[in-house]
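Participant: Enclosed is the structure file final.txt (compact mmCIF, C-alpha atoms).
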# COMPACT_ATOMS: atom_id res chain seq x y z
CA MET A 164 -16.82 21.94 2.62
CA ILE A 165 -14.53 20.56 5.30
CA GLN A 166 -14.73 20.77 9.09
CA GLN A 167 -11.84 19.26 11.00
CA TYR A 168 -11.08 18.62 14.67
CA GLU A 169 -7.90 17.24 16.20
CA ILE A 170 -8.56 15.77 19.63
CA THR A 171 -6.63 13.84 22.27
CA LEU A 172 -8.17 10.74 23.78
CA PRO A 173 -7.34 9.96 27.42
CA ALA A 174 -5.10 6.94 28.10
CA TYR A 175 -7.27 3.84 27.63
CA SER A 176 -6.40 0.39 28.95
CA ARG A 177 -5.39 -2.27 26.44
CA GLY A 178 -8.56 -3.38 24.72
CA TYR A 179 -11.59 -2.22 22.76
CA HIS A 180 -13.49 0.86 23.89
CA LEU A 181 -16.81 2.27 22.70
CA VAL A 182 -16.15 5.94 21.89
CA THR A 183 -19.17 6.94 19.80
CA SER A 184 -20.32 9.50 22.38
CA GLU A 185 -16.78 10.78 22.92
CA ILE A 186 -16.41 11.37 19.16
CA LYS A 187 -19.87 12.92 18.79
CA LYS A 188 -19.33 15.48 21.53
CA HIS A 189 -16.50 17.04 19.51
CA LEU A 190 -18.68 17.50 16.42
CA LYS A 191 -20.49 20.77 15.79
CA THR A 192 -23.64 20.87 13.66
CA LEU A 193 -23.23 18.31 10.91
CA PRO A 194 -24.16 19.00 7.29
CA LYS A 195 -27.33 17.42 5.86
CA TYR A 196 -25.30 14.87 3.85
CA GLY A 197 -21.63 13.94 3.95
CA ILE A 198 -18.97 11.64 5.33
CA VAL A 199 -17.10 11.73 8.65
CA ASN A 200 -13.58 10.28 8.68
CA VAL A 201 -12.11 9.44 12.08
CA PHE A 202 -8.33 8.91 11.84
CA VAL A 203 -5.95 7.59 14.52
CA LYS A 204 -2.45 9.12 14.35
CA HIS A 205 -0.71 6.05 15.80
CA THR A 206 0.63 2.71 14.56
CA SER A 207 -0.13 0.63 17.65
CA ALA A 208 -3.77 1.64 18.07
CA GLY A 209 -6.70 1.39 15.68
CA ILE A 210 -10.33 2.24 15.08
CA THR A 211 -13.23 0.14 13.88
CA ILE A 212 -17.02 -0.09 13.90
CA ASN A 213 -18.70 -2.90 15.78
CA GLU A 214 -21.42 -3.98 18.20
CA ASN A 215 -22.42 -1.22 20.62
CA ALA A 216 -24.52 -3.15 23.12
CA ASP A 217 -23.00 -6.16 24.85
CA PRO A 218 -19.60 -5.51 26.51
CA SER A 219 -18.75 -9.23 26.13
CA VAL A 220 -18.17 -8.60 22.41
CA ARG A 221 -15.30 -6.25 23.30
CA VAL A 222 -13.82 -8.78 25.73
CA ASP A 223 -13.87 -11.45 23.03
CA PHE A 224 -12.34 -9.04 20.52
CA GLU A 225 -9.28 -8.72 22.74
CA ASN A 226 -8.91 -12.48 23.13
CA ILE A 227 -9.60 -13.42 19.52
CA MET A 228 -7.21 -10.81 18.14
CA ASN A 229 -4.53 -12.02 20.59
CA ASN A 230 -5.15 -15.54 19.35
CA ILE A 231 -4.78 -14.52 15.68
CA ILE A 232 -1.61 -12.49 16.37
CA PRO A 233 0.13 -14.06 19.38
CA GLU A 234 3.00 -12.31 21.15
CA ASN A 235 6.54 -13.65 21.51
CA GLN A 236 6.78 -15.67 18.32
CA PRO A 237 10.35 -16.93 17.80
CA TYR A 238 10.60 -15.36 14.34
CA PHE A 239 9.86 -11.78 15.48
CA THR A 240 12.77 -9.39 14.92
CA HIS A 241 11.17 -6.12 16.08
CA ILE A 242 11.24 -6.92 19.80
CA PHE A 243 13.04 -4.08 21.58
CA GLU A 244 9.83 -2.11 22.27
CA GLY A 245 8.19 -4.97 24.20
CA ALA A 246 6.25 -8.15 23.48
CA ASP A 247 3.04 -6.21 22.84
CA ASP A 248 4.55 -3.85 20.24
CA MET A 249 4.88 -5.84 17.02
CA PRO A 250 1.46 -7.54 17.42
CA ALA A 251 0.06 -4.03 18.02
CA HIS A 252 1.41 -2.88 14.64
CA ILE A 253 -0.23 -5.81 12.86
CA LYS A 254 -3.56 -5.30 14.64
CA SER A 255 -3.44 -1.61 13.73
CA SER A 256 -3.20 -2.45 10.02
CA LEU A 257 -5.73 -5.30 10.15
CA LEU A 258 -8.41 -3.19 11.84
CA GLY A 259 -7.31 0.05 10.20
CA SER A 260 -6.30 3.57 11.09
CA SER A 261 -9.54 5.26 10.06
CA VAL A 262 -13.26 4.71 9.59
CA ASN A 263 -15.69 6.52 7.30
CA ILE A 264 -19.28 7.02 8.39
CA PRO A 265 -22.04 8.53 6.24
CA ILE A 266 -23.92 11.61 7.46
CA THR A 267 -27.66 11.66 6.69
CA ASN A 268 -30.03 14.39 7.87
CA HIS A 269 -27.32 16.00 10.02
CA LYS A 270 -26.57 12.77 11.94
CA LEU A 271 -24.07 9.91 11.79
CA ASN A 272 -25.95 7.24 9.86
CA LEU A 273 -24.78 4.24 11.88
CA GLY A 274 -26.86 1.06 12.05
CA THR A 275 -28.84 0.34 15.21
CA TRP A 276 -26.11 -1.88 16.64
CA GLN A 277 -23.06 -0.01 15.33
CA GLY A 278 -20.68 1.96 17.52
CA ILE A 279 -17.16 3.30 17.07
CA TYR A 280 -14.46 1.28 18.86
CA PHE A 281 -11.15 2.85 19.76
CA CYS A 282 -8.68 -0.06 19.90
CA GLU A 283 -5.69 0.25 22.23
CA PHE A 284 -3.21 -2.51 21.41
CA ARG A 285 -0.37 -1.52 23.77
CA ASN A 286 -0.28 -2.40 27.48
CA TYR A 287 0.44 1.26 28.25
CA GLY A 288 -0.38 3.28 25.17
CA GLY A 289 -0.94 6.62 26.87
CA LYS A 290 -2.93 9.47 25.35
CA ARG A 291 -3.77 9.11 21.67
CA LYS A 292 -4.41 11.72 18.96
CA ILE A 293 -7.39 11.52 16.62
CA VAL A 294 -8.29 13.69 13.60
CA ILE A 295 -11.98 13.99 12.74
CA THR A 296 -12.74 15.32 9.25
CA VAL A 297 -16.28 16.13 8.14
CA GLN A 298 -16.77 16.32 4.37
CA SER A 299 -19.89 17.69 2.69
CA MET B 194 -21.42 17.93 -3.69
CA ILE B 195 -22.96 14.84 -2.14
CA GLN B 196 -25.35 12.27 -3.59
CA GLN B 197 -26.56 9.58 -1.21
CA TYR B 198 -28.65 6.43 -1.55
CA GLU B 199 -29.80 4.07 1.20
CA ILE B 200 -30.63 0.67 -0.19
CA THR B 201 -31.63 -2.75 1.13
CA LEU B 202 -29.83 -5.82 -0.13
CA PRO B 203 -31.83 -9.05 -0.36
CA ALA B 204 -30.95 -11.83 2.11
CA TYR B 205 -27.72 -13.42 0.90
CA SER B 206 -26.45 -16.82 2.00
CA ARG B 207 -23.41 -16.94 4.29
CA GLY B 208 -20.40 -16.17 2.14
CA TYR B 209 -18.90 -13.67 -0.27
CA HIS B 210 -21.04 -12.19 -3.04
CA LEU B 211 -20.06 -10.05 -6.01
CA VAL B 212 -22.38 -7.00 -5.90
CA THR B 213 -20.67 -4.53 -8.25
CA SER B 214 -23.63 -4.51 -10.67
CA GLU B 215 -26.15 -4.37 -7.83
CA ILE B 216 -24.38 -1.28 -6.41
CA LYS B 217 -23.97 0.38 -9.81
CA LYS B 218 -27.63 0.11 -10.71
CA HIS B 219 -28.51 2.37 -7.77
CA LEU B 220 -26.13 5.13 -8.89
CA LYS B 221 -27.34 8.00 -11.06
CA THR B 222 -24.95 9.89 -13.32
CA LEU B 223 -21.63 10.06 -11.53
CA PRO B 224 -19.54 13.24 -11.38
CA LYS B 225 -16.39 13.48 -13.52
CA TYR B 226 -14.12 12.98 -10.47
CA GLY B 227 -14.90 11.93 -6.94
CA ILE B 228 -15.12 9.11 -4.42
CA VAL B 229 -17.91 6.62 -3.77
CA ASN B 230 -18.21 5.26 -0.23
CA VAL B 231 -20.27 2.08 0.24
CA PHE B 232 -21.14 1.54 3.91
CA VAL B 233 -22.74 -1.52 5.54
CA LYS B 234 -24.98 -0.68 8.51
CA HIS B 235 -24.39 -4.01 10.29
CA THR B 236 -21.79 -5.52 12.61
CA SER B 237 -21.95 -9.11 11.35
CA ALA B 238 -21.59 -8.37 7.64
CA GLY B 239 -18.86 -6.55 5.75
CA ILE B 240 -17.75 -5.18 2.42
CA THR B 241 -14.48 -5.48 0.56
CA ILE B 242 -12.94 -5.29 -2.91
CA ASN B 243 -11.51 -8.44 -4.48
CA GLU B 244 -11.25 -10.67 -7.55
CA ASN B 245 -14.29 -10.41 -9.81
CA ALA B 246 -13.69 -13.34 -12.16
CA ASP B 247 -13.23 -16.81 -10.68
CA PRO B 248 -15.96 -17.87 -8.19
CA SER B 249 -13.45 -20.23 -6.52
CA VAL B 250 -11.83 -17.18 -4.92
CA ARG B 251 -15.04 -16.46 -3.04
CA VAL B 252 -15.34 -20.10 -1.93
CA ASP B 253 -11.79 -20.00 -0.57
CA PHE B 254 -12.51 -16.65 1.15
CA GLU B 255 -15.21 -18.34 3.23
CA ASN B 256 -12.97 -21.24 4.20
CA ILE B 257 -9.83 -19.21 4.91
CA MET B 258 -11.68 -16.65 7.02
CA ASN B 259 -13.34 -19.50 8.98
CA ASN B 260 -9.90 -20.96 9.53
CA ILE B 261 -8.49 -17.66 10.83
CA ILE B 262 -11.49 -17.05 13.12
CA PRO B 263 -12.89 -20.46 14.09
CA GLU B 264 -16.24 -20.80 15.83
CA ASN B 265 -16.84 -22.34 19.26
CA GLN B 266 -13.56 -21.44 20.90
CA PRO B 267 -13.68 -22.26 24.63
CA TYR B 268 -12.73 -18.72 25.67
CA PHE B 269 -15.64 -17.02 23.87
CA THR B 270 -18.04 -15.24 26.25
CA HIS B 271 -20.44 -13.68 23.70
CA ILE B 272 -22.20 -16.91 22.75
CA PHE B 273 -25.95 -16.41 23.27
CA GLU B 274 -26.55 -15.24 19.68
CA GLY B 275 -25.14 -18.44 18.15
CA ALA B 276 -21.79 -19.94 17.22
CA ASP B 277 -21.56 -17.83 14.05
CA ASP B 278 -22.16 -14.48 15.78
CA MET B 279 -18.91 -13.58 17.53
CA PRO B 280 -16.72 -14.71 14.58
CA ALA B 281 -19.03 -12.60 12.38
CA HIS B 282 -18.23 -9.50 14.47
CA ILE B 283 -14.49 -10.08 14.12
CA LYS B 284 -14.72 -10.68 10.37
CA SER B 285 -16.76 -7.50 10.00
CA SER B 286 -13.99 -5.44 11.58
CA LEU B 287 -11.15 -7.25 9.79
CA LEU B 288 -12.68 -6.76 6.34
CA GLY B 289 -14.33 -3.46 7.21
CA SER B 290 -17.70 -1.77 7.13
CA SER B 291 -17.04 0.42 4.11
CA VAL B 292 -15.01 0.74 0.94
CA ASN B 293 -13.96 3.87 -0.96
CA ILE B 294 -13.67 3.76 -4.74
CA PRO B 295 -12.38 6.60 -6.91
CA ILE B 296 -14.57 8.01 -9.68
CA THR B 297 -12.78 8.96 -12.90
CA ASN B 298 -14.51 10.22 -16.03
CA HIS B 299 -17.95 9.51 -14.54
CA LYS B 300 -17.17 5.84 -13.82
CA LEU B 301 -16.01 3.74 -10.86
CA ASN B 302 -12.26 3.48 -11.41
CA LEU B 303 -11.85 -0.14 -10.36
CA GLY B 304 -8.97 -2.26 -11.66
CA THR B 305 -9.68 -4.84 -14.35
CA TRP B 306 -10.02 -7.66 -11.82
CA GLN B 307 -11.64 -5.72 -8.99
CA GLY B 308 -15.23 -6.16 -7.88
CA ILE B 309 -17.20 -5.26 -4.76
CA TYR B 310 -17.87 -8.17 -2.41
CA PHE B 311 -20.76 -8.07 0.04
CA CYS B 312 -19.73 -10.39 2.88
CA GLU B 313 -22.47 -12.14 4.83
CA PHE B 314 -20.95 -13.67 7.96
CA ARG B 315 -24.14 -14.97 9.62
CA ASN B 316 -25.84 -18.24 8.71
CA TYR B 317 -29.13 -16.37 8.38
CA GLY B 318 -28.35 -12.67 8.17
CA GLY B 319 -31.53 -11.55 6.43
CA LYS B 320 -31.83 -8.32 4.48
CA ARG B 321 -29.01 -5.82 4.95
CA LYS B 322 -28.92 -2.02 4.70
CA ILE B 323 -26.26 -0.20 2.72
CA VAL B 324 -25.57 3.55 2.41
CA ILE B 325 -23.89 4.72 -0.80
CA THR B 326 -22.38 8.22 -0.66
CA VAL B 327 -20.96 9.92 -3.77
CA GLN B 328 -18.58 12.80 -3.05
CA SER B 329 -17.37 15.25 -5.70
CA MET C 185 -13.06 20.15 -5.11
CA ILE C 186 -11.28 17.06 -6.39
CA GLN C 187 -7.72 16.57 -7.60
CA GLN C 188 -6.86 13.13 -8.93
CA TYR C 189 -3.68 11.42 -10.09
CA GLU C 190 -3.30 7.92 -11.54
CA ILE C 191 0.25 6.66 -11.17
CA THR C 192 2.16 3.45 -11.79
CA LEU C 193 4.42 2.08 -9.10
CA PRO C 194 7.55 0.22 -10.20
CA ALA C 195 7.64 -3.55 -9.60
CA TYR C 196 8.31 -4.08 -5.90
CA SER C 197 9.52 -7.32 -4.37
CA ARG C 198 7.08 -9.33 -2.28
CA GLY C 199 6.76 -7.53 1.04
CA TYR C 200 5.96 -4.22 2.68
CA HIS C 201 7.41 -1.01 1.26
CA LEU C 202 7.39 2.51 2.67
CA VAL C 203 6.05 4.73 -0.13
CA THR C 204 5.15 7.96 1.67
CA SER C 205 7.71 9.99 -0.28
CA GLU C 206 6.79 8.28 -3.55
CA ILE C 207 3.12 9.22 -3.01
CA LYS C 208 3.91 12.76 -1.88
CA LYS C 209 6.00 13.56 -4.92
CA HIS C 210 2.94 13.10 -7.16
CA LEU C 211 0.82 15.58 -5.17
CA LYS C 212 0.59 19.21 -6.20
CA THR C 213 -0.22 21.92 -3.65
CA LEU C 214 -2.66 20.43 -1.18
CA PRO C 215 -5.74 22.31 0.04
CA LYS C 216 -5.75 23.72 3.59
CA TYR C 217 -8.11 20.98 4.83
CA GLY C 218 -9.27 17.77 3.19
CA ILE C 219 -8.77 14.03 2.76
CA VAL C 220 -6.40 12.12 0.50
CA ASN C 221 -7.52 8.67 -0.64
CA VAL C 222 -4.84 6.35 -2.01
CA PHE C 223 -6.40 3.40 -3.88
CA VAL C 224 -4.67 0.28 -5.25
CA LYS C 225 -6.26 -1.07 -8.45
CA HIS C 226 -5.27 -4.70 -7.77
CA THR C 227 -6.59 -7.66 -5.79
CA SER C 228 -3.26 -9.21 -4.81
CA ALA C 229 -1.62 -6.05 -3.43
CA GLY C 230 -2.73 -3.69 -0.68
CA ILE C 231 -2.05 -0.45 1.12
CA THR C 232 -1.89 0.38 4.80
CA ILE C 233 -0.45 2.85 7.30
CA ASN C 234 2.18 1.70 9.76
CA GLU C 235 5.52 2.35 11.43
CA ASN C 236 7.85 4.46 9.29
CA ALA C 237 11.12 4.07 11.20
CA ASP C 238 12.46 0.59 11.88
CA PRO C 239 12.66 -1.68 8.78
CA SER C 240 12.38 -4.75 11.05
CA VAL C 241 8.66 -3.96 11.42
CA ARG C 242 8.19 -4.51 7.70
CA VAL C 243 10.14 -7.79 7.83
CA ASP C 244 7.92 -9.04 10.65
CA PHE C 245 4.80 -7.91 8.75
CA GLU C 246 5.70 -10.30 5.94
CA ASN C 247 6.28 -13.22 8.31
CA ILE C 248 3.29 -12.63 10.55
CA MET C 249 0.88 -12.22 7.65
CA ASN C 250 2.27 -15.43 6.09
CA ASN C 251 1.67 -17.15 9.40
CA ILE C 252 -1.94 -15.96 9.60
CA ILE C 253 -2.66 -16.90 5.96
CA PRO C 254 -0.37 -19.81 5.07
CA GLU C 255 0.03 -20.98 1.49
CA ASN C 256 -0.79 -24.45 0.17
CA GLN C 257 -3.64 -25.33 2.48
CA PRO C 258 -5.31 -28.58 1.37
CA TYR C 259 -8.77 -26.96 1.18
CA PHE C 260 -7.77 -24.23 -1.31
CA THR C 261 -9.59 -24.50 -4.65
CA HIS C 262 -8.24 -21.37 -6.39
CA ILE C 263 -4.75 -22.74 -7.03
CA PHE C 264 -4.03 -22.41 -10.76
CA GLU C 265 -2.41 -18.97 -10.42
CA GLY C 266 0.24 -20.20 -7.97
CA ALA C 267 0.62 -20.88 -4.25
CA ASP C 268 1.02 -17.16 -3.48
CA ASP C 269 -2.17 -16.06 -5.28
CA MET C 270 -5.07 -17.01 -3.01
CA PRO C 271 -3.28 -15.86 0.18
CA ALA C 272 -2.55 -12.60 -1.69
CA HIS C 273 -6.28 -12.05 -2.27
CA ILE C 274 -7.05 -12.56 1.42
CA LYS C 275 -4.22 -10.24 2.53
CA SER C 276 -5.47 -7.61 0.09
CA SER C 277 -8.90 -7.58 1.72
CA LEU C 278 -7.58 -7.81 5.30
CA LEU C 279 -5.24 -4.84 4.89
CA GLY C 280 -7.45 -3.04 2.41
CA SER C 281 -7.33 -1.52 -1.04
CA SER C 282 -7.26 2.11 0.07
CA VAL C 283 -6.27 4.43 2.90
CA ASN C 284 -7.66 7.84 3.81
CA ILE C 285 -5.38 10.46 5.32
CA PRO C 286 -6.50 13.86 6.62
CA ILE C 287 -4.96 17.03 5.17
CA THR C 288 -4.31 19.82 7.66
CA ASN C 289 -2.62 23.11 6.80
CA HIS C 290 -1.78 21.89 3.30
CA LYS C 291 0.04 18.75 4.54
CA LEU C 292 -0.75 15.07 5.10
CA ASN C 293 -1.59 14.94 8.81
CA LEU C 294 0.13 11.66 9.61
CA GLY C 295 1.36 10.89 13.12
CA THR C 296 5.08 11.11 13.83
CA TRP C 297 5.61 7.39 13.31
CA GLN C 298 3.11 6.83 10.52
CA GLY C 299 4.04 6.07 6.93
CA ILE C 300 2.23 4.62 3.93
CA TYR C 301 3.07 0.98 3.15
CA PHE C 302 2.55 -0.44 -0.31
CA CYS C 303 2.03 -4.17 0.23
CA GLU C 304 3.06 -6.53 -2.57
CA PHE C 305 1.64 -9.98 -1.85
CA ARG C 306 2.69 -11.76 -5.06
CA ASN C 307 6.17 -13.20 -5.66
CA TYR C 308 6.28 -11.36 -8.99
CA GLY C 309 3.53 -8.74 -8.95
CA GLY C 310 5.01 -6.43 -11.57
CA LYS C 311 4.06 -2.76 -11.90
CA ARG C 312 1.00 -1.66 -9.98
CA LYS C 313 -1.52 1.13 -10.59
CA ILE C 314 -2.56 3.56 -7.87
CA VAL C 315 -5.24 6.29 -7.91
CA ILE C 316 -4.71 9.25 -5.58
CA THR C 317 -7.78 11.41 -4.96
CA VAL C 318 -7.58 14.67 -3.00
CA GLN C 319 -10.91 15.92 -1.64
CA SER C 320 -11.45 19.38 -0.17
Just dump the structure as structure tokens.
Facilitator:
Amino acid sequence: MIQQYEITLPAYSRGYHLVTSEIKKHLKTLPKYGIVNVFVKHTSAGITINENADPSVRVDFENIMNNIIPENQPYFTHIFEGADDMPAHIKSSLLGSSVNIPITNHKLNLGTWQGIYFCEFRNYGGKRKIVITVQS
Amino acid sequence: MIQQYEITLPAYSRGYHLVTSEIKKHLKTLPKYGIVNVFVKHTSAGITINENADPSVRVDFENIMNNIIPENQPYFTHIFEGADDMPAHIKSSLLGSSVNIPITNHKLNLGTWQGIYFCEFRNYGGKRKIVITVQS
Amino acid sequence: MIQQYEITLPAYSRGYHLVTSEIKKHLKTLPKYGIVNVFVKHTSAGITINENADPSVRVDFENIMNNIIPENQPYFTHIFEGADDMPAHIKSSLLGSSVNIPITNHKLNLGTWQGIYFCEFRNYGGKRKIVITVQS
């Protein structure tokens, strides 16, 4: 049994954004057991699961990921889309284009401190498309 | 068809631990074909698939990941939970909170050298909760 | 409902290779809605989703990933399989051993710019085995 929803996220600023509630509000009644896959249809944005409480974690995410994959390296060849573009592609693959979350008793079975982060890696990424697939 | 098991792993030391057998012993008869998802309900631990033979790989994993995401960087703002906490969050997202493994002929269809690593990123992470979902 | 295909990829050179068409040609009629999982049965290769247009992105992937995980670090202990081996294991876990892609209206629902990259991290990796599982 599959339920599927294709949604458009509003334009987020560059950075890491907690979207658990945004995702949940698009879901109808969930099955008793299953898996939800949340898939980002872009190569310069990503999705991951991380700490849902302290906003400073999301600030540090931006800075640490920029430190691991710095812009403007002299050996970059894919540069015509801007200094933020090629690092955005790498971040997208490192953090991933989809997450899977178990469903238990009709609810997302996230840990107490887990939330879904939408990760915007471009300076001006614009609206982004997401596909949510519920399997049971 | 969904089978699901929520289990608690014992407290592992900081590092990378081969848990393929531990995961398998919680599984009942697997379907002929399907997918197993193993999901970690924490934001400072992770799960990945890697080399199941030489323990030196897991030693190097710890050192290489610490080198990529060093502790105590001056720009960190999320520091009140300890020097190992913010790097643990980043590692959790880089390696991921779940793995998917195909089931073929009632068995996990891992490659010859593949095993499941539970990744404990905290110095004292304690017991950790895992959700195993079998889809067929 | 599960369809599953185990295929062997030809030996690719070290680097990032667009294999969307290669994967698609092994798929029979897809269900209306579902998820495709593409799983690599190796610990020194990986699979990810990224930009399908400009080959310079894949060149930069190789160089950036080599910069993040350099070979021949003095603290490596797993060195008997060659200088490219231990970095290959790390890259495999950072990029991941499988991707999930939603199926919508009998097609892979990738974004306009998304393609499937097979990532060969060894200098001479040889043929590689892939398991494709279609869930609906």
Participant: Set the cut-off to 10 Å and count all atoms listed in the file: what are the residues of chain C that reach chain A? Output as a PyMOL selection string.
Facilitator: chain C and resi 185+216-219+231-236+238-245+247-249+251-252+275+277-280+283-288+293-299+301+319-320
Participant: What does chain B look like after a least-squares fit onto chain A on every Cα paired in order, written as a tab-separated table (two decimals) with C-alpha atoms, in the frame of the given file?
Facilitator:
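Saved the output as part_19.tsv:
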chain	number	residue	atom	x	y	z
B	194	MET	CA	-16.80	21.94	2.62
B	195	ILE	CA	-14.51	20.57	5.30
B	196	GLN	CA	-14.73	20.77	9.09
B	197	GLN	CA	-11.83	19.27	11.02
B	198	TYR	CA	-11.07	18.63	14.68
B	199	GLU	CA	-7.88	17.25	16.21
B	200	ILE	CA	-8.54	15.78	19.62
B	201	THR	CA	-6.63	13.85	22.28
B	202	LEU	CA	-8.17	10.75	23.78
B	203	PRO	CA	-7.34	9.97	27.42
B	204	ALA	CA	-5.12	6.94	28.09
B	205	TYR	CA	-7.28	3.85	27.64
B	206	SER	CA	-6.41	0.40	28.95
B	207	ARG	CA	-5.40	-2.27	26.44
B	208	GLY	CA	-8.57	-3.40	24.72
B	209	TYR	CA	-11.58	-2.23	22.76
B	210	HIS	CA	-13.50	0.86	23.89
B	211	LEU	CA	-16.81	2.26	22.69
B	212	VAL	CA	-16.14	5.95	21.89
B	213	THR	CA	-19.18	6.94	19.80
B	214	SER	CA	-20.33	9.51	22.38
B	215	GLU	CA	-16.78	10.78	22.93
B	216	ILE	CA	-16.41	11.37	19.16
B	217	LYS	CA	-19.87	12.93	18.79
B	218	LYS	CA	-19.33	15.48	21.53
B	219	HIS	CA	-16.50	17.04	19.50
B	220	LEU	CA	-18.67	17.51	16.40
B	221	LYS	CA	-20.50	20.77	15.77
B	222	THR	CA	-23.65	20.87	13.66
B	223	LEU	CA	-23.23	18.30	10.92
B	224	PRO	CA	-24.16	19.00	7.30
B	225	LYS	CA	-27.33	17.41	5.87
B	226	TYR	CA	-25.29	14.86	3.86
B	227	GLY	CA	-21.64	13.95	3.97
B	228	ILE	CA	-18.96	11.64	5.33
B	229	VAL	CA	-17.10	11.74	8.64
B	230	ASN	CA	-13.59	10.28	8.68
B	231	VAL	CA	-12.09	9.44	12.09
B	232	PHE	CA	-8.33	8.91	11.84
B	233	VAL	CA	-5.94	7.59	14.51
B	234	LYS	CA	-2.45	9.11	14.34
B	235	HIS	CA	-0.71	6.04	15.81
B	236	THR	CA	0.63	2.71	14.56
B	237	SER	CA	-0.14	0.62	17.65
B	238	ALA	CA	-3.78	1.65	18.07
B	239	GLY	CA	-6.70	1.39	15.68
B	240	ILE	CA	-10.32	2.24	15.07
B	241	THR	CA	-13.22	0.15	13.87
B	242	ILE	CA	-17.01	-0.08	13.89
B	243	ASN	CA	-18.69	-2.91	15.78
B	244	GLU	CA	-21.42	-3.99	18.21
B	245	ASN	CA	-22.41	-1.22	20.61
B	246	ALA	CA	-24.53	-3.17	23.10
B	247	ASP	CA	-23.00	-6.18	24.85
B	248	PRO	CA	-19.59	-5.52	26.50
B	249	SER	CA	-18.75	-9.23	26.12
B	250	VAL	CA	-18.16	-8.60	22.42
B	251	ARG	CA	-15.30	-6.26	23.28
B	252	VAL	CA	-13.82	-8.78	25.73
B	253	ASP	CA	-13.88	-11.47	23.04
B	254	PHE	CA	-12.34	-9.02	20.52
B	255	GLU	CA	-9.26	-8.73	22.74
B	256	ASN	CA	-8.92	-12.48	23.14
B	257	ILE	CA	-9.61	-13.42	19.52
B	258	MET	CA	-7.22	-10.81	18.14
B	259	ASN	CA	-4.52	-12.02	20.59
B	260	ASN	CA	-5.14	-15.53	19.35
B	261	ILE	CA	-4.77	-14.52	15.69
B	262	ILE	CA	-1.61	-12.49	16.37
B	263	PRO	CA	0.13	-14.05	19.38
B	264	GLU	CA	3.00	-12.31	21.13
B	265	ASN	CA	6.54	-13.66	21.52
B	266	GLN	CA	6.77	-15.67	18.33
B	267	PRO	CA	10.34	-16.92	17.80
B	268	TYR	CA	10.62	-15.37	14.34
B	269	PHE	CA	9.86	-11.80	15.48
B	270	THR	CA	12.78	-9.40	14.91
B	271	HIS	CA	11.16	-6.13	16.08
B	272	ILE	CA	11.23	-6.92	19.79
B	273	PHE	CA	13.04	-4.07	21.58
B	274	GLU	CA	9.83	-2.11	22.24
B	275	GLY	CA	8.20	-4.97	24.17
B	276	ALA	CA	6.25	-8.14	23.49
B	277	ASP	CA	3.03	-6.20	22.83
B	278	ASP	CA	4.54	-3.84	20.24
B	279	MET	CA	4.88	-5.85	17.03
B	280	PRO	CA	1.45	-7.54	17.44
B	281	ALA	CA	0.06	-4.02	18.04
B	282	HIS	CA	1.41	-2.88	14.65
B	283	ILE	CA	-0.24	-5.82	12.87
B	284	LYS	CA	-3.56	-5.29	14.64
B	285	SER	CA	-3.45	-1.61	13.72
B	286	SER	CA	-3.21	-2.45	10.03
B	287	LEU	CA	-5.74	-5.30	10.16
B	288	LEU	CA	-8.41	-3.19	11.84
B	289	GLY	CA	-7.31	0.05	10.20
B	290	SER	CA	-6.30	3.58	11.09
B	291	SER	CA	-9.55	5.25	10.06
B	292	VAL	CA	-13.26	4.71	9.59
B	293	ASN	CA	-15.70	6.52	7.29
B	294	ILE	CA	-19.29	7.03	8.40
B	295	PRO	CA	-22.04	8.53	6.25
B	296	ILE	CA	-23.93	11.59	7.46
B	297	THR	CA	-27.65	11.67	6.70
B	298	ASN	CA	-30.03	14.39	7.86
B	299	HIS	CA	-27.32	15.99	10.01
B	300	LYS	CA	-26.59	12.77	11.95
B	301	LEU	CA	-24.09	9.91	11.80
B	302	ASN	CA	-25.95	7.23	9.86
B	303	LEU	CA	-24.79	4.24	11.88
B	304	GLY	CA	-26.85	1.05	12.05
B	305	THR	CA	-28.83	0.33	15.20
B	306	TRP	CA	-26.10	-1.89	16.64
B	307	GLN	CA	-23.07	-0.02	15.34
B	308	GLY	CA	-20.68	1.95	17.51
B	309	ILE	CA	-17.16	3.29	17.08
B	310	TYR	CA	-14.46	1.28	18.84
B	311	PHE	CA	-11.14	2.85	19.77
B	312	CYS	CA	-8.67	-0.05	19.90
B	313	GLU	CA	-5.70	0.25	22.23
B	314	PHE	CA	-3.22	-2.50	21.40
B	315	ARG	CA	-0.38	-1.52	23.77
B	316	ASN	CA	-0.29	-2.39	27.46
B	317	TYR	CA	0.44	1.25	28.25
B	318	GLY	CA	-0.39	3.30	25.17
B	319	GLY	CA	-0.94	6.64	26.87
B	320	LYS	CA	-2.93	9.47	25.35
B	321	ARG	CA	-3.77	9.13	21.66
B	322	LYS	CA	-4.40	11.73	18.95
B	323	ILE	CA	-7.38	11.53	16.63
B	324	VAL	CA	-8.27	13.69	13.60
B	325	ILE	CA	-11.97	13.99	12.74
B	326	THR	CA	-12.73	15.31	9.25
B	327	VAL	CA	-16.29	16.13	8.14
B	328	GLN	CA	-16.77	16.30	4.37
B	329	SER	CA	-19.90	17.69	2.70
Participant: How many Å lie between atom CA of Lys221 of chain B and atom CA of Ile309 of chain B, rounded to one decimal?
Facilitator: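 Going from atom CA of Lys221 of chain B over to atom CA of Ile309 of chain B covers 17.8 Å.
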Participant: What does the distance between atom CA of Val229 of chain B and atom CA of Leu301 of chain B come to in Å, to one decimal place?
Facilitator: 7.9 Å
Participant: Skipping near chain neighbours, those fewer than 5 positions away, what residues fall within 8 Å of Lys290 of chain A using only C-alpha atoms, listed as a VMD selection string?
Facilitator: chain A and resid 171 to 175
Participant: Go ahead and save the residues from that selection, with C-alpha atoms, as a short mmCIF file (atom, residue, chain, number, x, y, z; two decimals), keeping the file's coordinate frame.
Facilitator:
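File written: part_28.cif
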data_model
loop_
_atom_site.label_atom_id
_atom_site.label_comp_id
_atom_site.auth_asym_id
_atom_site.auth_seq_id
_atom_site.Cartn_x
_atom_site.Cartn_y
_atom_site.Cartn_z
CA THR A 171 -6.63 13.84 22.27
CA LEU A 172 -8.17 10.74 23.78
CA PRO A 173 -7.34 9.96 27.42
CA ALA A 174 -5.10 6.94 28.10
CA TYR A 175 -7.27 3.84 27.63
#
